[in-house]
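**Student:** There's a structure below that I have some questions on.
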Amino acid sequence: MKNSIGREIPECVIGQKPLYQGQFARQPEGRAFGKSLRAGRPASSKVLPSLREAVEKTGLKPGMTISFHHHMRNGDYIIKLVLTEIDALGIKDITIAASSLNPCHDFLIDYIERGVVTALETSGLREGLGKYLTDNPGKLKKPVIIRSHGGRARAIECGDTRIDVAFMGAPMCDRFGNATGAQGKSAFGAMGYAMVDSRFAEKVVMITDNLVPGYVYPYSVPQTDVDYVVAVDEIGDPKGIATGVIRMGADPVTLLLAEYSVRLMDEAGYLKDGCSVQLGGGGAPLTAAKFIQEEMEKRHIKGGFCIGGATGIFTQMLADGFFEAFYDIQTFDTVAAKSLYDNPRHIEISASHYASPWNPGPIVNDLDAVFLSATEVDLDFNINCMTDSNGILMGASGGHSDTAAGAKLAMVILPLIRGRLPMIRDKVQTVITPGESVDAIVTERGIAINPRRKDLLDKLAGSSLPVMTIEQLQDIAHKLVGKPEEMRYSMDDKDIVAVIEYRDGSIIDVVRKPLR
């Protein structure tokens with residue numbers, strides 16, 4: 001069966017899920033899912049002596065779903081600590097619903113091989129684990145489910161994903177379970193994903209390497225959402241927060257991409273007093289902050305708000321008065337983590353507040369401009385940020401489709417050529433963000449405006465920016481490096497690696513095992 005963007009979806013993965021029919025086609029019904037009621041007893045203690053006892057107390061059994069947040073990014077220790085105890089107790093057939101997975105989680109391969117972990121739901125998969133799952137789709141009992149950050153919050157809130165036990169790492173926690181990510185030796189900043197998991201999971205275990213004798217305030221997760229508290233030696237390495245796509249660039253191509261995108265925002269009429277901005281991962285989107293600051297300083301512009309992932313450069317702009325507020329779901333470096341604690345205008349929000357399409361006011365709906373990266377785009381402006389040129393899972397859905405749907409100007413920034421491969425394809429391998437949500441493709445050779453945005457084309461009619469059609473951009477790339485051969489994939493339904501859910505829960509694409 002084909003969805004509205006022409007992607008063929010096998011009947012075996014559809015089940016009760018609808019096919020993608022448009023970015024705002026599916027509307028919510030019913031009520032939010034909730035956890036069972038329970039009652040705390042006076043003078044009882046939530047603090048347990050060991051993580052193993054906590055696993056036992058939760059009543060975890062084979063077939064259940066556990067969740068983790070990825071605020072520690074590549075410095076996370078929590079998943080390994082928990083699975084070590086689950087394995088020691090002989091519990092198998094566990095589904096992991098993580099907000100994302102990073103290279104530090106490659107050890108999951110061993111637990112999958114031994115049947116401890118049999119299903120995964122996540123936003124991101126990288127390096128060894130991504131390649132292993134791409135090459136071995138039958139190792140899990142069902143395809144991996146890939147969701148955006150907003151889509152994951154929606155799935156938890158409506159009951160599509162029912163978390164039996166949430167194991168949440170916290171850099172500071174008190175004996176009642178009040179926890180924060182902004183203080184402590186392992187401080188990583190905002191706990192936006194943990195907020196949703198802790199509120200909706202049936203049982204919540206807060207794991208900390210800083211159990212304080214007094215009280216945590218302000219807190220990210222309240223004691224009313226926490227069942228047990230466990231102290232460990234270390235929850236992770238905060239130096240691992242700023243890894244992977246979280247980097248700024250200084251090479252000429254990256255600087256040119258950043259400059260073009262900020263000029264486009266300006267000439268489109270969105271770089272002005274009160275403007276709201278989000279920068280996605282990747283060198284060029286993050287580097288755009290430098291040019292935004294220069295323009296705002298030169299023209300005395302004061303913005304309204306930024307959305308994070310928070311970085312040091314944007315939190316410094318907040319401190320210097322360039323923006324009124326910063327809304328933070330996850331923090332991308334330790335400088336920004338300190339800002340969350342020090343600056344009251346640096347505001348922590350949940351993943352639902354950030355981007356769930358099924359609440360009355362996700363903050364992405366108020367964005368003027370978002371700067372996004374991609375691994376490839378196609379002639380219909382569809383975006384892939386999940387698989388590489390060999391069809392291997394190596395990226396993340398993240399907030400890509402969420403912010404593109406909400407922003408007035410969604411710009412996808414990428415070099416026209418990477419490793420002698422053109423980045424504009426006839427059809428992308430994997431659709432994460434549909435073309436109807438994307439307004440512009442920015443490359444160092446030129447800028448393509450989505451024909452849907454006739455208003456933008458009119459505004460840029462006399463621009464000195466190199467505006468051209470996406471077909472013209474692709475033609476330039478082909479003249480430089482030639483047209484690549486199309487990837488071939490197994491069409492056996494047993495070789496479906498992952499199911500890509502759009503943020504509203506509909507199926508937008510699948511990932512198949514590549515044939516090499």
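Simple scheme: letters A, B, ... for chains in structure tokens order, numbers from 1 for residues in each chain, numbers from 1 for ligands in the order shown.
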Tell me, as number ranges by chain, which residues lie within 9 Å of A:Leu140, counting only C-alpha atoms; anything in the same chain fewer than 5 positions away does not count.
**Tutor:** A: 112-113, 115, 117-120, 133
**Student:** Between A:Phe371, A:Phe381, A:Phe200, A:Phe24, which has the minimum distance to A:Val165 (counting only C-alpha atoms)?
**Tutor:**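 Selected residue with least distance to A:Val165: A:Phe200.
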**Student:** Using Å and a single decimal, report how far atom CA of A:Gly321 sits from atom CA of A:Ser401.
**Tutor:**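 Atom CA of A:Gly321 lies at a distance of 29.4 Å from atom CA of A:Ser401.
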**Student:** Quick one: residues within 8 Å of stretch 491-495 of chain A, only C-alpha atoms, excluding same-chain residues fewer than 5 positions away - as number ranges by chain?
**Tutor:** A: 10, 12, 137-138, 512-513
**Student:** As a ChimeraX atom specification, please: the residues near stretch 63-75 of chain A (cut-off 8 Å, only C-alpha atoms, same-chain neighbours under 3 positions excluded).
**Tutor:** /A:60,78-79,92-104,162-169,188-191,193-194,197,236-243,330-331
**Student:** Name the residues of stretch 296-435 of chain A that come out as alpha helix (DSSP H) in a backbone DSSP run; write them as a count of residues only.
**Tutor:** 33
**Student:** Choose the residue, out of A:Ile432, A:Val221, A:Ile447, A:Met317, that has the smallest atom-to-atom separation from A:Glu376; count only C-alpha atoms.
**Tutor:**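 Comparing A:Ile432, A:Val221, A:Ile447, A:Met317 against A:Glu376, the winner is A:Ile432.
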**Student:** Using DSSP on the backbone, list every residue of stretch 109-273 of chain A that comes out as strand (DSSP E or B), and give them as a PyMOL selection string.
**Tutor:** chain A and resi 117-122+124+144-146+165-170+172-174+179-180+203-208+211-212+221+228-231+236
**Student:** Using only C-alpha atoms, can you tell me which of A:Gln316, A:Asn210, A:Ser339, A:Gln21 comes closest to A:Lys2?
**Tutor:**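 Distance minimum relative to A:Lys2 lands on A:Gln21.
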**Student:** Write out as a list in words which residues come within 8 Å of stretch 3-9 of chain A when counting only C-alpha atoms, dropping same-chain ones fewer than 5 positions away.
**Tutor:**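 Close residues of stretch 3-9 of chain A: Ile14, Leu19, Tyr20, Gln21, Gly22, Pro434, Ile507, Ile508, Asp509 and Val510 of chain A.
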**Student:** Would you save the residues from that selection as a tab-separated table (two decimals), in the first residue's frame, using N, CA, C and O atoms?
**Tutor:**
```tsv
chain	number	residue	atom	x	y	z
A	14	ILE	N	1.71	-2.63	8.96
A	14	ILE	CA	0.69	-1.61	9.19
A	14	ILE	C	-0.11	-1.89	10.45
A	14	ILE	O	-0.22	-1.06	11.34
A	19	LEU	N	-1.69	4.96	7.52
A	19	LEU	CA	-0.63	5.42	6.64
A	19	LEU	C	-0.58	6.94	6.67
A	19	LEU	O	-1.59	7.62	6.89
A	20	TYR	N	0.61	7.48	6.45
A	20	TYR	CA	0.78	8.93	6.40
A	20	TYR	C	-0.08	9.52	5.28
A	20	TYR	O	-0.02	9.07	4.14
A	21	GLN	N	-0.87	10.55	5.63
A	21	GLN	CA	-1.74	11.20	4.65
A	21	GLN	C	-1.55	12.71	4.60
A	21	GLN	O	-2.30	13.40	3.91
A	22	GLY	N	-0.57	13.23	5.31
A	22	GLY	CA	-0.35	14.67	5.32
A	22	GLY	C	0.08	15.11	6.71
A	22	GLY	O	-0.25	14.46	7.71
A	434	PRO	N	8.54	14.99	5.56
A	434	PRO	CA	7.95	15.09	4.22
A	434	PRO	C	8.20	16.44	3.58
A	434	PRO	O	8.32	17.46	4.27
A	507	ILE	N	2.38	5.87	9.49
A	507	ILE	CA	3.60	5.30	8.93
A	507	ILE	C	3.99	6.08	7.67
A	507	ILE	O	3.24	6.11	6.69
A	508	ILE	N	5.18	6.67	7.72
A	508	ILE	CA	5.65	7.47	6.59
A	508	ILE	C	6.64	6.69	5.73
A	508	ILE	O	6.77	6.96	4.54
A	509	ASP	N	7.33	5.68	6.30
A	509	ASP	CA	8.29	4.92	5.51
A	509	ASP	C	8.75	3.69	6.30
A	509	ASP	O	8.43	3.54	7.50
A	510	VAL	N	9.47	2.82	5.62
A	510	VAL	CA	10.15	1.70	6.27
A	510	VAL	C	11.60	1.67	5.80
A	510	VAL	O	11.93	2.21	4.74
```
**Student:** Skipping near chain neighbours, those fewer than 5 positions away, what residues fall within 9 Å of A:Val196 using only C-alpha atoms, listed as a PyMOL selection string?
**Tutor:** chain A and resi 153+156-157+201+350-352
**Student:** So how far away is atom CA of A:Leu81 from atom CA of A:Ile235, in Å?
**Tutor:**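 Interatomic distance, atom CA of A:Ile235 to atom CA of A:Leu81: 8.6 Å.
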**Student:** Got a sec: who's within 6 Å of A:Glu127, counting only C-alpha atoms, leaving out chain neighbours fewer than 2 positions off, as a list of chain:residue names?
**Tutor:**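 Result of the neighbour search: A:Pro103, A:Leu129, A:Gly130, A:Met394.
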**Student:** Would you mind reading off the distance between atom CA of A:Gly181 and atom CA of A:Leu340, one decimal, in Å?
**Tutor:**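 Computing it gives 9.2 Å between the two atoms.
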**Student:** Nearest to A:Lys203: which of A:Lys57, A:Arg445, A:Arg516, A:Lys459 is it, counting only C-alpha atoms?
**Tutor:**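 Smallest distance to A:Lys203 is found for A:Lys57.
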**Student:** With stretch 142-146 of chain A as the partner and 10 Å as the cut-off, tabulate the residues of stretch 333-419 of chain A that qualify, each row holding the nearest pair of atoms and their distance in Å to one decimal, using only C-alpha atoms, sorted by chain and rising number, as CSV.
**Tutor:**
```
residue,atom,partner,partner_atom,distance
A:Met386,CA,A:Ile146,CA,9.2
A:Ala396,CA,A:Ile146,CA,8.3
A:Ser397,CA,A:Ile146,CA,7.1
A:Gly398,CA,A:Ile146,CA,9.5
```
